[in-house]
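Encoded as structure tokens, the structure appears first; notes follow it.
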Amino acid sequence: MNYVFNTWKKIFGNWKYFLLTFLIAFLFYSLNVVISNMASLIKFYSEVGLFKSLTLFFSLLLGFKDTVLLSSFISIIIISILFGMLVSLLTYRKKLQFNKINNVGFISGIGLILASFVPGCAACGVGLASVIGLSAGFLTFLPYKGLELSILSIIILATAIIQVTNKLYKCNIVLKNERR
Amino acid sequence: MSEGTITIKKQELWKYSTFLLLIIFVIEAFVIFGNKTDTVVVNNPTPTVPTTGPTEPSQVRASVDDDPVLGDKNAKVTIIEFSDYQCPFCERFYSETLPQIKKEYIDTGKVKLVYRDFPLDSIHPMATPAALAAECVREKGKDAAYFKMHDKIFENQQQLSESNLKSWAKELGYNIDDCLDSKKFMSEVRKDLSDAQASGGRGTPYFVILGSNEDGTPVSGAQPFPVFKQIIDSKLS
């Protein structure tokens, strides 16, 4: 595990990867906010234009925590950061031109699909999943009202990150062996 | 070689178990949606609330109907609130955002707030009785009495019960026992619910902010005051 933390320290110690992580996390969080308030933003934009819509967007961004359960808000923050870390690690790896890591894309995809179901409240929209017209009504049938999906998503993304980090080291050795 | 095979199997196991989980989840969703035909049952014998989001209307229309009004009836801006008395986010709006809107806009005559019911009975079984109780109080004491009952319900949201609703009404000086038992205003509450859906409401609280024209700006959720302020100011200007 020290190995993993040392790798993170090395990669995220580089301001470029730290910034990339932050930007991706911010984008993912923003996407949740935009999707949840799409109708308001579109209508406001059509009425008052871009500048005022941007100020409304920032108000919505700051106020998002008030519109969802605390557990959902924490989940979204964690998922955003994990997603940002994953993208940074994959970018770092791609920069080193290593081979692709099997299953990581698939696993992160599943994690993100589940992350898109992070619920606001049981009656409100379900984050990114509302893009496909789903509201969270169905989450009321789950024992923890969708929190289980958030936790599962966090576990899957964390696993994908650890897998990428581990392979980041191991791959060096494997590649050398393979070349011989 | 054998170690390598084991590693691949573990990865495959992880991959397939995750995939299986997703399949189960999708099947579950289909079963739920299939059985419920895109609805969450609200209460017998009542209409239903769709779980699939309606297409966002290009024009958001909502009427004041004959519902209770807080503030100057001639105010330039109208906030139509579709709310559920048992919803914790509606209570959050009531306790955190509404006081600021009231102080800055309603008490100054710039904005009026119209309260309409959007009871989500499948998850909030006391929402409709509370809405009915408030309507019963309104019948006897007009809008002012309605909003006293409205405040009382939200302030005691954790103690919602039919007997408490009746006793809260009595504390305000109104006997609503017969009215509440007969569900006299059920059609009124159902009409509000239907209008909420028609105007694009997918959850509670849901707001439509109207300015000088009929086309409103929708706001979903218990948004903080700055969000309302920006929209209200744009309607006022």
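To be explicit about the labels: the chains of the structure tokens are called A, B, and onward in the order shown, and within each one the residues are counted from 1, while ligands get numbers from 1 in the order they are shown.
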
(Q) Show me, as JSON, numbers by chain, the residues that have an atom within 8 Å of Val87 in chain A when counting only C-alpha atoms, minus same-chain residues fewer than 3 positions from it. (A) {"A": [21, 24, 83, 84, 90, 91]}

Write out as an mmCIF file with N, CA and C atoms, in the first residue's frame each polymer residue whose atoms come within 8 Å of Leu113 in chain B, counting only C-alpha atoms; drop sequence neighbours fewer than 5 positions from it.
data_model
loop_
_atom_site.group_PDB
_atom_site.id
_atom_site.type_symbol
_atom_site.label_atom_id
_atom_site.label_comp_id
_atom_site.auth_asym_id
_atom_site.auth_seq_id
_atom_site.Cartn_x
_atom_site.Cartn_y
_atom_site.Cartn_z
ATOM 1 N N VAL B 69 -52.190 32.575 -1.301
ATOM 2 C CA VAL B 69 -51.164 33.533 -1.713
ATOM 3 C C VAL B 69 -50.568 34.216 -0.489
ATOM 4 N N LEU B 70 -49.252 34.266 -0.468
ATOM 5 C CA LEU B 70 -48.539 34.976 0.599
ATOM 6 C C LEU B 70 -47.953 36.240 -0.024
ATOM 7 N N GLY B 71 -48.363 37.380 0.508
ATOM 8 C CA GLY B 71 -47.855 38.644 -0.028
ATOM 9 C C GLY B 71 -48.894 39.395 -0.836
ATOM 10 N N THR B 78 -44.235 36.382 -9.326
ATOM 11 C CA THR B 78 -44.957 35.336 -8.598
ATOM 12 C C THR B 78 -44.087 34.080 -8.499
ATOM 13 N N ILE B 79 -43.920 33.606 -7.276
ATOM 14 C CA ILE B 79 -43.239 32.315 -7.103
ATOM 15 C C ILE B 79 -44.324 31.283 -6.819
ATOM 16 N N ILE B 80 -44.432 30.321 -7.704
ATOM 17 C CA ILE B 80 -45.378 29.231 -7.444
ATOM 18 C C ILE B 80 -44.574 28.060 -6.888
ATOM 19 N N GLU B 81 -44.875 27.737 -5.657
ATOM 20 C CA GLU B 81 -44.134 26.650 -5.000
ATOM 21 C C GLU B 81 -44.994 25.390 -5.015
ATOM 22 N N ILE B 106 -41.106 39.589 -0.406
ATOM 23 C CA ILE B 106 -42.554 39.444 -0.179
ATOM 24 C C ILE B 106 -43.066 40.592 0.700
#

Q: Write out as a PyMOL selection string the residues lying within 8 Å of range 220-236 of chain B, counting only C-alpha atoms and excluding same-chain residues fewer than 2 positions away.
A: (chain A and resi 36-37+40+44+48+56+59-60+63-64+66-67+124) or (chain B and resi 76-77+89-90+92-93+96-98+100-101+110+201+203-207+209-212+217-218)
